[in-house]
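Just query_14.txt here, compact mmCIF, C-alpha atoms and all ligand atoms:
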# COMPACT_ATOMS: atom_id res chain seq x y z
CA MET O 10 90.69 91.52 -88.85
CA ILE O 11 89.53 88.70 -86.60
CA GLY O 12 86.13 88.74 -88.33
CA TYR O 13 87.83 88.04 -91.63
CA PHE O 14 89.75 85.16 -90.08
CA VAL O 15 86.67 83.68 -88.40
CA ASN O 16 84.76 83.62 -91.67
CA TYR O 17 87.62 82.29 -93.73
CA SER O 18 86.84 78.81 -94.90
CA HIS O 19 89.63 76.46 -93.95
CA SER O 20 89.56 73.45 -91.66
CA ASP O 21 92.26 74.89 -89.36
CA VAL O 22 90.26 78.01 -88.55
CA SER O 23 87.81 76.34 -86.20
CA SER O 24 90.48 74.36 -84.38
CA ILE O 25 92.49 77.54 -83.78
CA LEU O 26 89.42 79.37 -82.50
CA ALA O 27 88.57 76.42 -80.27
CA SER O 28 92.04 76.53 -78.76
CA ILE O 29 91.59 80.24 -78.01
CA ASN O 30 88.29 79.42 -76.28
CA THR O 31 90.10 76.81 -74.22
CA GLU O 32 92.74 79.32 -73.15
CA LYS O 33 90.02 81.71 -72.02
CA ASN O 34 88.34 78.98 -70.01
CA LEU O 35 91.57 78.11 -68.28
CA LEU O 36 92.19 81.75 -67.50
CA LEU O 37 88.77 82.27 -65.94
CA SER O 38 88.75 79.03 -64.00
CA GLY O 39 92.09 79.80 -62.35
CA LYS O 40 93.93 77.03 -64.23
CA TYR O 41 96.14 79.49 -66.05
CA LYS O 42 99.22 77.42 -65.34
CA ASP O 43 97.85 74.91 -67.84
CA ILE O 44 97.86 77.36 -70.75
CA SER O 45 100.67 76.14 -72.92
CA CYS O 46 102.73 79.06 -74.11
CA VAL O 47 104.45 77.16 -76.86
CA ASP O 48 105.01 78.83 -80.18
CA CYS O 49 101.71 78.56 -82.03
CA SER O 50 103.10 79.25 -85.49
CA GLU O 51 102.88 75.53 -86.31
CA GLN O 52 99.12 75.71 -85.92
CA PHE O 53 98.98 78.50 -88.45
CA SER O 54 101.48 77.16 -90.97
CA ASP O 55 98.98 75.59 -93.41
CA LEU O 56 96.89 78.73 -93.47
CA MET O 57 99.97 80.88 -93.98
CA ARG O 58 100.99 78.75 -96.94
CA GLU O 59 97.52 79.18 -98.39
CA ALA O 60 97.76 82.96 -97.94
CA GLU O 61 101.06 83.02 -99.82
CA ASN O 62 99.88 80.72 -102.60
CA SER O 63 96.66 82.64 -103.13
CA ASN O 64 98.37 86.02 -102.92
CA ASN O 65 96.11 86.99 -100.02
CA GLU O 66 97.83 89.65 -97.89
CA ARG O 67 94.69 90.24 -95.85
CA LEU O 68 94.67 86.62 -94.70
CA ALA O 69 98.39 86.75 -93.90
CA ASN O 70 97.87 89.85 -91.74
CA ALA O 71 94.80 88.37 -90.05
CA ILE O 72 96.84 85.29 -89.12
CA PHE O 73 99.43 87.49 -87.44
CA VAL O 74 96.77 89.33 -85.44
CA VAL O 75 94.96 86.16 -84.37
CA ASN O 76 98.26 84.65 -83.31
CA GLU O 77 98.92 87.72 -81.15
CA TYR O 78 95.40 87.59 -79.75
CA LYS O 79 95.97 83.95 -78.79
CA ARG O 80 99.34 84.84 -77.29
CA LEU O 81 97.74 87.54 -75.17
CA PHE O 82 95.98 84.90 -73.08
CA CYS O 83 99.24 82.99 -72.63
CA LEU O 84 100.90 86.17 -71.38
CA ILE O 85 98.06 86.97 -68.99
CA GLY O 86 98.28 83.39 -67.68
CA GLU O 87 102.00 83.84 -67.09
CA TYR O 88 101.35 87.13 -65.37
CA TYR O 89 98.76 85.65 -63.00
CA HIS O 90 101.16 82.83 -62.26
CA LEU O 91 103.92 85.29 -61.31
CA LEU O 92 101.45 86.96 -58.96
CA ASP O 93 100.80 83.59 -57.31
CA LEU O 94 104.53 83.25 -56.78
CA ARG O 95 104.58 86.83 -55.45
CA GLU O 96 107.34 87.61 -57.91
CA TYR O 97 106.50 91.30 -57.88
CA GLU O 98 109.45 92.74 -59.79
CA LYS O 99 109.24 90.14 -62.55
CA SER O 100 105.48 90.41 -62.70
CA TRP O 101 105.73 94.11 -63.57
CA ASP O 102 107.64 93.40 -66.78
CA MET O 103 105.23 90.64 -67.71
CA LEU O 104 102.32 93.00 -67.09
CA GLN O 105 103.90 95.43 -69.55
CA ASN O 106 104.25 92.61 -72.10
CA CYS O 107 100.53 91.99 -71.69
CA PHE O 108 99.77 95.68 -72.29
CA ASP O 109 101.98 95.82 -75.40
CA THR O 110 100.22 92.83 -76.93
CA LEU O 111 96.79 94.08 -75.86
CA ARG O 112 97.41 97.46 -77.51
CA PHE O 113 98.61 95.82 -80.68
CA VAL O 114 95.59 93.53 -80.94
CA SER O 115 93.20 96.37 -80.08
CA ARG O 116 94.55 98.43 -83.00
CA PHE O 117 93.37 95.80 -85.44
CA CYS O 118 90.23 94.53 -83.70
CA LYS O 119 87.87 97.22 -82.53
CA ASP O 120 84.85 94.97 -82.19
CA LEU O 121 86.06 92.41 -79.67
CA TYR O 122 84.33 93.42 -76.48
CA ASP O 123 86.69 91.43 -74.31
CA LEU O 124 89.65 93.69 -75.04
CA PRO O 125 88.36 96.60 -72.90
CA GLU O 126 87.54 94.06 -70.19
CA ILE O 127 91.09 92.76 -70.25
CA GLU O 128 92.41 96.31 -70.17
CA ARG O 129 90.31 97.04 -67.09
CA ASN O 130 91.52 93.91 -65.34
CA LEU O 131 95.19 94.62 -66.07
CA LYS O 132 94.94 98.35 -65.26
CA SER O 133 93.59 97.46 -61.83
CA TYR O 134 96.74 95.48 -61.16
CA GLU O 135 98.96 98.22 -62.52
CA GLU O 136 97.49 100.70 -60.05
CA LEU O 137 98.57 98.51 -57.14
CA TYR O 138 102.28 98.78 -57.92
CA PRO O 139 104.34 101.51 -56.29
CA PHE O 140 105.80 102.57 -59.67
CA LYS O 141 104.57 106.00 -60.68
CA LEU O 142 107.57 107.62 -62.36
CA PHE O 143 109.54 106.31 -65.31
CA PHE O 144 112.69 107.19 -67.17
CA SER O 145 112.26 108.34 -70.69
CA PRO O 146 115.41 108.74 -72.77
CA GLU O 147 115.65 111.44 -75.41
CA TYR O 148 118.07 110.77 -78.20
CA ILE O 149 118.96 111.59 -81.77
CA ILE O 150 118.74 108.68 -84.16
CA SER O 151 121.04 109.03 -87.15
CA LYS O 152 120.86 105.53 -88.63
CA SER O 153 118.18 102.88 -88.62
CA HIS O 154 116.74 100.29 -90.95
CA CYS O 155 113.48 98.55 -91.70
CA SER O 156 113.05 95.02 -90.36
CA LEU O 157 111.27 93.96 -93.55
CA CYS O 158 113.26 95.36 -96.46
CA GLY O 159 116.47 96.52 -94.81
CA ALA O 160 116.26 100.01 -96.33
CA SER O 161 117.00 103.08 -94.26
CA MET O 162 114.14 104.33 -92.11
CA GLN O 163 115.68 107.80 -91.94
CA ASN O 164 114.27 108.67 -95.35
CA ILE O 165 111.16 107.76 -97.29
CA SER O 166 112.70 105.24 -99.67
CA CYS O 167 111.28 102.20 -97.87
CA PRO O 168 107.55 101.70 -98.35
CA HIS O 169 106.91 100.36 -94.83
CA ARG O 170 105.54 102.23 -91.86
CA LYS O 171 106.55 101.26 -88.35
CA GLY O 172 103.99 99.16 -86.52
CA GLU O 173 102.09 98.20 -89.67
CA LEU O 174 101.57 94.71 -91.03
CA TYR O 175 102.79 93.65 -94.44
CA TRP O 176 102.19 90.12 -95.59
CA GLY O 177 101.74 88.86 -92.06
CA LYS O 178 104.89 90.50 -90.80
CA LEU O 179 105.30 93.52 -88.57
CA ALA O 180 107.47 96.39 -89.75
CA VAL O 181 109.85 97.47 -87.01
CA GLU O 182 112.50 100.16 -87.01
CA ILE O 183 115.87 98.77 -86.02
CA VAL O 184 118.10 101.52 -84.69
CA ASP O 185 121.73 101.22 -85.79
CA GLU O 186 123.23 104.46 -84.57
CA ILE O 187 122.36 106.96 -81.93
CA LYS O 188 124.13 110.21 -82.51
CA GLU O 189 123.73 111.27 -78.94
CA LEU O 190 121.72 110.65 -75.84
CA GLN O 191 120.41 114.10 -75.08
CA ALA O 192 118.62 113.65 -71.83
CA VAL O 193 116.87 111.19 -69.62
CA SER O 194 113.75 112.63 -68.11
CA LEU O 195 111.25 111.42 -65.57
CA VAL O 196 107.78 111.15 -67.03
CA GLU O 197 104.38 109.82 -66.08
CA HIS O 198 103.36 108.53 -69.53
CA PRO O 199 106.33 106.82 -71.09
CA ASP O 200 106.24 104.59 -74.11
CA ASN O 201 107.97 101.90 -72.12
CA LYS O 202 107.11 101.51 -68.47
CA ARG O 203 109.90 99.05 -67.86
CA LEU O 204 112.34 101.85 -67.07
CA VAL O 205 111.06 102.37 -63.57
CA ALA O 206 112.50 105.05 -61.31
CA LYS O 207 113.44 103.23 -58.09
CA ASP O 208 115.10 104.30 -54.91
CA ALA O 209 118.43 102.45 -54.83
CA ASP O 210 118.62 102.68 -51.04
CA ASP O 211 115.26 101.08 -50.55
CA LYS O 212 116.17 97.83 -48.77
CA ARG O 213 112.66 96.95 -47.66
CA PRO O 214 111.48 93.39 -48.35
CA PRO O 215 109.25 92.95 -51.42
CA GLU O 216 106.04 92.52 -49.41
CA GLU O 217 106.71 95.94 -47.90
CA LYS O 218 107.64 97.63 -51.18
CA PHE O 219 104.64 96.14 -52.92
CA LYS O 220 102.35 96.20 -49.94
CA LEU O 221 99.20 97.25 -51.78
CA LEU O 222 99.58 94.44 -54.25
CA ASP O 223 100.53 92.05 -51.47
CA TYR O 224 97.49 93.06 -49.47
CA PHE O 225 95.26 92.68 -52.51
CA LEU O 226 96.56 89.18 -53.23
CA ASP O 227 95.82 88.20 -49.63
CA LEU O 228 92.17 88.94 -50.35
CA ARG O 229 92.21 85.90 -52.69
CA ILE O 230 89.94 87.41 -55.30
CA SER O 231 89.88 85.62 -58.66
CA LYS O 232 92.75 86.94 -60.79
CA ALA O 233 90.43 87.39 -63.73
CA ALA O 234 87.97 89.52 -61.78
CA ILE O 235 86.61 92.93 -62.56
CA TYR O 236 85.78 95.04 -59.53
CA ASP O 237 85.59 98.50 -58.07
CA LYS O 238 88.20 99.39 -55.53
CA LYS O 239 88.78 102.13 -53.06
CA ILE O 240 92.25 102.58 -51.68
CA TYR O 241 92.57 104.14 -48.26
CA SER O 242 96.00 105.61 -48.11
CA VAL O 243 97.34 107.67 -45.24
CA ARG O 244 96.97 110.76 -47.38
CA ASN O 245 93.23 110.24 -47.53
CA GLU O 246 90.88 112.92 -46.11
CA ILE O 247 89.31 110.49 -43.64
CA TYR O 248 92.46 110.42 -41.49
CA LYS O 249 92.49 114.15 -40.81
CA GLY O 250 92.52 114.95 -37.10
CA VAL O 251 92.16 111.34 -35.97
CA GLY O 252 93.65 110.67 -32.51
CA ARG O 253 96.15 107.82 -32.18
CA ASN O 254 93.99 105.90 -29.72
CA GLU O 255 90.78 106.37 -31.67
CA MET O 256 89.35 103.65 -33.84
CA CYS O 257 90.90 103.68 -37.29
CA PRO O 258 88.61 105.33 -39.87
CA CYS O 259 89.39 102.59 -42.40
CA GLY O 260 86.97 100.33 -40.53
CA SER O 261 89.46 97.67 -39.48
CA GLY O 262 88.35 97.70 -35.86
CA GLU O 263 91.92 98.47 -34.76
CA LYS O 264 93.21 101.56 -33.05
CA TYR O 265 94.53 104.16 -35.50
CA LYS O 266 98.07 103.89 -34.09
CA ASN O 267 98.09 100.15 -34.74
CA CYS O 268 96.60 100.44 -38.18
CA CYS O 269 96.75 103.06 -40.92
CA GLU O 270 98.95 105.46 -38.96
CA LYS O 271 101.81 103.07 -39.64
CA GLY O 272 101.43 103.82 -43.29
CA PHE O 273 99.42 100.74 -43.93
CA SER O 274 96.75 101.22 -46.55
CA ARG O 275 93.62 99.29 -47.04
CA ILE O 276 91.71 98.37 -50.13
CA GLU O 277 87.99 98.02 -50.23
CA ILE O 278 86.71 95.87 -53.08
CA SER O 279 83.14 95.88 -54.29
CA ASN O 280 81.03 94.74 -57.25
CA VAL O 281 83.26 91.79 -58.00
CA ARG O 282 82.49 89.83 -61.16
CA GLN O 283 84.36 87.68 -63.64
CA MET O 284 85.90 89.22 -66.72
CA ASN O 285 83.44 88.94 -69.59
CA LEU O 286 85.34 87.16 -72.37
CA PHE O 287 84.21 86.53 -75.91
CA TYR O 288 83.79 82.95 -77.10
CA PHE O 289 83.95 81.93 -80.74
CA GLU O 290 81.32 79.61 -82.16
CA CYS O 291 83.03 76.62 -83.56
CA MET U 1 93.33 120.28 -72.56
CA PHE U 2 95.41 121.89 -75.29
CA SER U 3 97.27 125.02 -76.21
CA LEU U 4 97.19 126.77 -79.54
CA GLU U 5 99.85 129.35 -80.28
CA TYR U 6 100.18 131.61 -83.27
CA GLY U 7 103.59 132.85 -84.21
CA GLU U 8 106.00 133.78 -86.96
CA THR U 9 108.00 131.42 -89.15
CA ILE U 10 109.52 128.61 -87.06
CA THR U 11 112.00 127.16 -89.54
CA ASN U 12 113.64 129.45 -92.04
CA ILE U 13 113.95 127.17 -95.08
CA ASP U 14 116.57 129.26 -96.91
CA GLU U 15 118.75 129.42 -93.82
CA TYR U 16 118.52 125.64 -93.34
CA ILE U 17 119.40 124.96 -96.97
CA ASP U 18 122.41 127.27 -96.61
CA VAL U 19 123.64 125.88 -93.31
CA LYS U 20 123.29 122.26 -94.41
CA LYS U 21 124.54 123.04 -97.94
CA LEU U 22 121.64 121.14 -99.43
CA PRO U 23 121.75 120.52 -103.20
CA GLN U 24 119.73 122.50 -105.72
CA ASN U 25 116.91 119.99 -105.71
CA ALA U 26 115.99 120.91 -102.13
CA LYS U 27 115.30 124.42 -103.42
CA ASP U 28 113.26 122.95 -106.24
CA LYS U 29 111.17 121.04 -103.70
CA VAL U 30 110.21 124.31 -102.07
CA ASP U 31 108.93 125.57 -105.41
CA VAL U 32 106.92 122.52 -106.42
CA SER U 33 105.73 120.94 -103.16
CA GLU U 34 102.41 121.81 -101.64
CA ILE U 35 103.20 120.23 -98.31
CA LEU U 36 106.78 119.99 -97.13
CA VAL U 37 108.00 118.58 -93.87
CA LEU U 38 110.75 120.54 -92.11
CA PRO U 39 113.20 120.10 -89.26
CA ARG U 40 113.35 122.61 -86.46
CA LYS U 41 116.09 124.10 -84.40
CA TYR U 42 116.26 122.82 -80.84
CA SER U 43 117.85 124.34 -77.80
CA ASP U 44 121.29 123.01 -78.73
CA GLU U 45 121.12 125.09 -81.96
CA GLU U 46 120.99 121.92 -84.07
CA TYR U 47 118.26 121.04 -86.53
CA TYR U 48 116.39 117.78 -85.98
CA TYR U 49 113.25 116.27 -87.36
CA ALA U 50 110.50 115.21 -84.97
CA GLN U 51 109.92 111.58 -84.12
CA GLU U 52 106.96 110.83 -86.41
CA THR U 53 108.37 112.58 -89.50
CA ILE U 54 109.04 109.62 -91.79
CA ASP U 55 105.90 107.68 -90.91
CA PHE U 56 103.80 110.80 -91.30
CA VAL U 57 105.10 111.56 -94.80
CA LYS U 58 104.59 107.94 -95.87
CA PHE U 59 101.09 108.01 -94.42
CA CYS U 60 100.21 111.22 -96.29
CA ARG U 61 101.48 109.81 -99.58
CA GLU U 62 99.41 106.65 -99.06
CA HIS U 63 96.27 108.63 -98.32
CA ASP U 64 96.59 111.49 -100.78
CA ASP U 65 98.01 111.12 -104.26
CA LYS U 66 96.70 114.42 -105.58
CA HIS U 67 99.07 116.71 -103.73
CA LEU U 68 102.84 116.90 -103.71
CA ILE U 69 103.98 115.95 -100.24
CA ASP U 70 107.66 115.76 -99.52
CA ILE U 71 110.41 116.08 -96.98
CA LEU U 72 112.98 118.83 -97.39
CA ASP U 73 116.04 116.58 -97.12
CA ASN U 74 116.81 113.80 -99.60
CA GLU U 75 119.39 112.07 -97.48
CA ASP U 76 118.99 110.33 -94.12
CA ILE U 77 117.61 112.73 -91.55
CA MET U 78 118.41 113.14 -87.86
CA VAL U 79 115.39 112.19 -85.81
CA ARG U 80 114.76 113.33 -82.26
CA SER U 81 113.28 110.35 -80.46
CA LEU U 82 111.59 110.76 -77.11
CA HIS U 83 110.29 107.35 -76.20
CA SER U 84 107.10 108.65 -74.75
CA SER U 85 103.67 107.63 -75.93
CA ASP U 86 103.00 111.18 -77.15
CA ILE U 87 102.84 111.95 -80.87
CA TRP U 88 105.60 114.32 -81.98
CA LEU U 89 104.93 115.59 -85.47
CA PRO U 90 107.32 117.78 -87.47
CA VAL U 91 106.95 121.32 -88.69
CA ILE U 92 104.58 120.96 -91.63
CA TRP U 93 105.01 123.69 -94.18
CA ILE U 94 102.32 124.69 -96.65
CA SER U 95 102.72 127.05 -99.55
CA GLN U 96 99.18 128.43 -99.51
CA ASN U 97 96.79 129.02 -96.66
CA ILE U 98 93.99 127.27 -98.56
CA LEU U 99 95.88 124.00 -97.99
CA LEU U 100 95.30 124.25 -94.25
CA PRO U 101 92.10 122.13 -94.19
CA LEU U 102 93.83 119.45 -96.26
CA VAL U 103 96.82 119.27 -93.97
CA THR U 104 94.79 119.28 -90.76
CA GLY U 105 92.65 116.51 -92.26
CA LEU U 106 95.75 114.42 -92.91
CA ILE U 107 97.08 115.11 -89.43
CA SER U 108 93.84 114.09 -87.77
CA SER U 109 93.61 110.85 -89.78
CA TYR U 110 97.21 110.12 -88.83
CA ILE U 111 96.46 110.76 -85.16
CA TYR U 112 93.33 108.62 -85.34
CA ASP U 113 95.35 105.79 -86.82
CA LYS U 114 98.02 106.13 -84.15
CA ILE U 115 95.76 106.13 -81.11
CA LYS U 116 93.61 103.22 -82.30
CA GLY U 117 93.78 100.53 -79.67
CA ARG U 118 95.10 102.76 -76.91
CA GLY U 119 91.87 102.51 -74.95
CA LYS U 120 91.29 105.16 -72.31
CA GLU U 121 94.84 106.49 -72.18
CA THR U 122 95.22 110.12 -73.16
CA THR U 123 97.79 110.91 -75.81
CA THR U 124 99.34 114.30 -76.39
CA VAL U 125 100.09 115.63 -79.86
CA ASP U 126 102.71 118.21 -80.69
CA VAL U 127 102.58 119.69 -84.18
CA THR U 128 103.41 122.94 -85.93
CA ILE U 129 101.95 124.08 -89.21
CA GLN U 130 103.91 126.79 -90.95
CA ILE U 131 102.38 128.83 -93.74
CA ASN U 132 104.58 130.82 -96.09
CA ASP U 133 102.19 132.06 -98.74
CA LYS U 134 104.30 134.24 -101.02
CA LYS U 135 101.39 135.51 -103.11
CA LYS U 136 99.41 136.67 -100.14
CA GLY U 137 102.44 137.61 -98.06
CA ILE U 138 101.41 135.37 -95.20
CA ASN U 139 104.14 134.08 -92.86
CA LYS U 140 102.56 132.35 -89.95
CA SER U 141 102.89 129.33 -87.73
CA ILE U 142 100.32 127.54 -85.63
CA HIS U 143 101.54 125.31 -82.85
CA TYR U 144 99.19 122.80 -81.29
CA LYS U 145 100.07 120.85 -78.19
CA GLY U 146 97.47 118.88 -76.33
CA ASP U 147 94.99 116.06 -76.31
CA ALA U 148 95.02 114.06 -79.52
CA LYS U 149 91.25 113.75 -79.45
CA THR U 150 90.55 117.49 -79.59
CA PHE U 151 92.91 118.29 -82.45
CA LYS U 152 90.35 118.10 -85.23
CA ASP U 153 87.64 120.15 -83.51
CA THR U 154 90.14 122.85 -82.64
CA PHE U 155 91.43 123.22 -86.19
CA ASP U 156 87.96 123.03 -87.74
CA LYS U 157 87.20 126.28 -85.95
CA ILE U 158 90.15 128.19 -87.41
CA ASP U 159 89.10 130.65 -90.09
CA ILE U 160 91.82 130.44 -92.73
CA ASN U 161 90.90 133.80 -94.19
CA LYS U 162 91.74 135.50 -90.94
CA LEU U 163 95.30 134.25 -91.02
CA LYS U 164 97.35 137.28 -91.88
ZN ZN N 1 110.86 98.59 -95.41

Show me the file's structure as structure tokens.
Amino acid sequence: MIGYFVNYSHSDVSSILASINTEKNLLLSGKYKDISCVDCSEQFSDLMREAENSNNERLANAIFVVNEYKRLFCLIGEYYHLLDLREYEKSWDMLQNCFDTLRFVSRFCKDLYDLPEIERNLKSYEELYPFKLFFSPEYIISKSHCSLCGASMQNISCPHRKGELYWGKLAVEIVDEIKELQAVSLVEHPDNKRLVAKDADDKRPPEEKFKLLDYFLDLRISKAAIYDKKIYSVRNEIYKGVGRNEMCPCGSGEKYKNCCEKGFSRIEISNVRQMNLFYFEC
Amino acid sequence: MFSLEYGETITNIDEYIDVKKLPQNAKDKVDVSEILVLPRKYSDEEYYYAQETIDFVKFCREHDDKHLIDILDNEDIMVRSLHSSDIWLPVIWISQNILLPLVTGLISSYIYDKIKGRGKETTTVDVTIQINDKKKGINKSIHYKGDAKTFKDTFDKIDINKLK
């Protein structure tokens, strides 16, 4: 998809690609606050008109995907910024926005080698959150319609499939009626990780609740880094049979009772490098 | 990781048509269709279609115009939606066992299309194929639940002639 866009001859193509390169540079150099997350559709409007006038659905769809690809870097920038502010709860939702957009773009662009890199970077953050269980509702949908043509999506009369692109627009199912909510279950692999199972009585301050993430951010590693990490949690094998006054096995130089015994975990980071992003020639 | 279960008929088409008082043309569909998508009865004794039903039928029609692929109901169906990233496919009925390779081919292309872009995440597929081959007297169902990536290999190994 992106290949088609890159090779399409139109004067706006190279300026759009250049602006994506700029966003990537800002992201890697830590200036992600400077990525302007304004609506980019203006930038694409001439091309979109050309797609419509020349009856070119492929171009229209490619524009949508490139726009999303560009938006991905805005979202990642916003996410990193929330981490700087230590806005942990908010950052989780933004992280999920990043994943949604990343998945969408990856569906249409297999060849961009930076997408797996981005996934690796974001997954590393996800693992540092305390959220492991999610609510997943189970319900019976009795009425819904297609965002593109308005026809019912409960039968096959509408030609659109959910999640597909048609003339540069995404087909979405809009649910109008839920016959009943059958159950809400706790799952590990939900479609939407925003429905986090939380303990309502947990009154700990955020830096306690999100201590792994908090600890990681204290290490001041570049946000756009790729690295290997080892998390020493109190459940780890190395703590078995350790006396309270012995040196802590995590290597902190503290006594065990003053260190990991308190439930404090440590992260060991190695092989740190920058995310390898793809730059367009333009 | 996957499980493959063989069993008897999952959805009794005649019973469903009776209970839901479906019009004559539902019965006609059973006679002419080669692949027909069915609801199944859940624990609350109600019939629902699985989450991916409509998209799957549309996908099949886009990718295969030689076979008659349909959905038993004409009207709006009730869809059981689970909001998990797993792929819940309906009961897929075939009228002859020789259609099994065709239908598994369509299912695996559908799965491939669905998991594109999901990276390293594992996705689970749940699908039942029901064979009611009147001529050969075969009434059988095959239920697959497991890793989306191993679906094709698993079904490629099934010997359709041994299905009795
Ligand atoms: Zn539609």

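Nearest to chain O of all the residues U:Asn97, U:Asn12, U:Ser141, U:Asn74 is U:Asn74, counting only C-alpha atoms.
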
Dump as a tab-separated table the rows for residues of chain O within 12 Å of ligand ZN 1 (chain N): closest atom pair and distance in Å with one decimal, all atoms listed in the file counted, ordered by chain and rising residue number.
residue	atom	partner	partner_atom	distance
O:Ser153	CA	N:ZN1	ZN	10.9
O:His154	CA	N:ZN1	ZN	7.6
O:Cys155	CA	N:ZN1	ZN	4.5
O:Ser156	CA	N:ZN1	ZN	6.6
O:Leu157	CA	N:ZN1	ZN	5.0
O:Cys158	CA	N:ZN1	ZN	4.2
O:Gly159	CA	N:ZN1	ZN	6.0
O:Ala160	CA	N:ZN1	ZN	5.7
O:Ser161	CA	N:ZN1	ZN	7.7
O:Met162	CA	N:ZN1	ZN	7.4
O:Gln163	CA	N:ZN1	ZN	11.0
O:Asn164	CA	N:ZN1	ZN	10.6
O:Ile165	CA	N:ZN1	ZN	9.4
O:Ser166	CA	N:ZN1	ZN	8.1
O:Cys167	CA	N:ZN1	ZN	4.4
O:Pro168	CA	N:ZN1	ZN	5.4
O:His169	CA	N:ZN1	ZN	4.4
O:Arg170	CA	N:ZN1	ZN	7.4
O:Lys171	CA	N:ZN1	ZN	8.7
O:Gly172	CA	N:ZN1	ZN	11.2
O:Glu173	CA	N:ZN1	ZN	10.5
O:Leu174	CA	N:ZN1	ZN	11.0
O:Tyr175	CA	N:ZN1	ZN	9.5
O:Lys178	CA	N:ZN1	ZN	11.1
O:Leu179	CA	N:ZN1	ZN	10.2
O:Ala180	CA	N:ZN1	ZN	7.0
O:Val181	CA	N:ZN1	ZN	8.5
O:Glu182	CA	N:ZN1	ZN	8.7
O:Ile183	CA	N:ZN1	ZN	10.6

Query - Who sits within 9 Å of Pro215 of chain O, all atoms listed in the file, same chain under 2 positions skipped, as JSON, numbers by chain - result: {"O": [95, 96, 97, 98, 212, 213, 217, 218, 219, 220, 223]}

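The interatomic distance for the pair atom CA of Glu87 of chain O and atom CA of Met103 of chain O works out to 7.6 Å.
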
Query raised in the report: Which residues, protein or nucleic acid, reach to within 12 Å of (95.0, 119.7, -91.8) in the file's coordinates when using only C-alpha atoms, and can you give that as number ranges by chain?
Result: U: 35, 60, 92-94, 97-111, 127-131, 142, 144, 151-158, 160

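Distance-wise, atom CA of Ser50 of chain O and atom CA of Leu26 of chain O end up 14.0 Å apart.
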
Query raised in the report: Within 6 Å of (96.2, 86.3, -63.4), in the coordinates the file gives, what residues turn up when you count only C-alpha atoms, written out as a count of residues only?
Result: 6

Query raised in the report: What is the atom CA of Phe143 of chain O-atom CA of Leu104 of chain O distance in Å, reported with one decimal?
Result: 15.2 Å

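Counting all atoms listed in the file and comparing U:Leu89, U:Thr11, U:Lys66, U:Ser95, the residue that lies closest to Val32 of chain U is U:Ser95.
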
Query raised in the report: For Tyr241 of chain O, which of O:Asp211, O:Glu270, O:Asp120, O:Glu66 is the closest residue, counting only C-alpha atoms?
Result: O:Glu270

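Residue nearest Leu94 of chain O within the list O:Glu77, O:Leu226, O:Cys291, O:Asn130: O:Leu226 [criterion: smallest interatomic distance, only C-alpha atoms].
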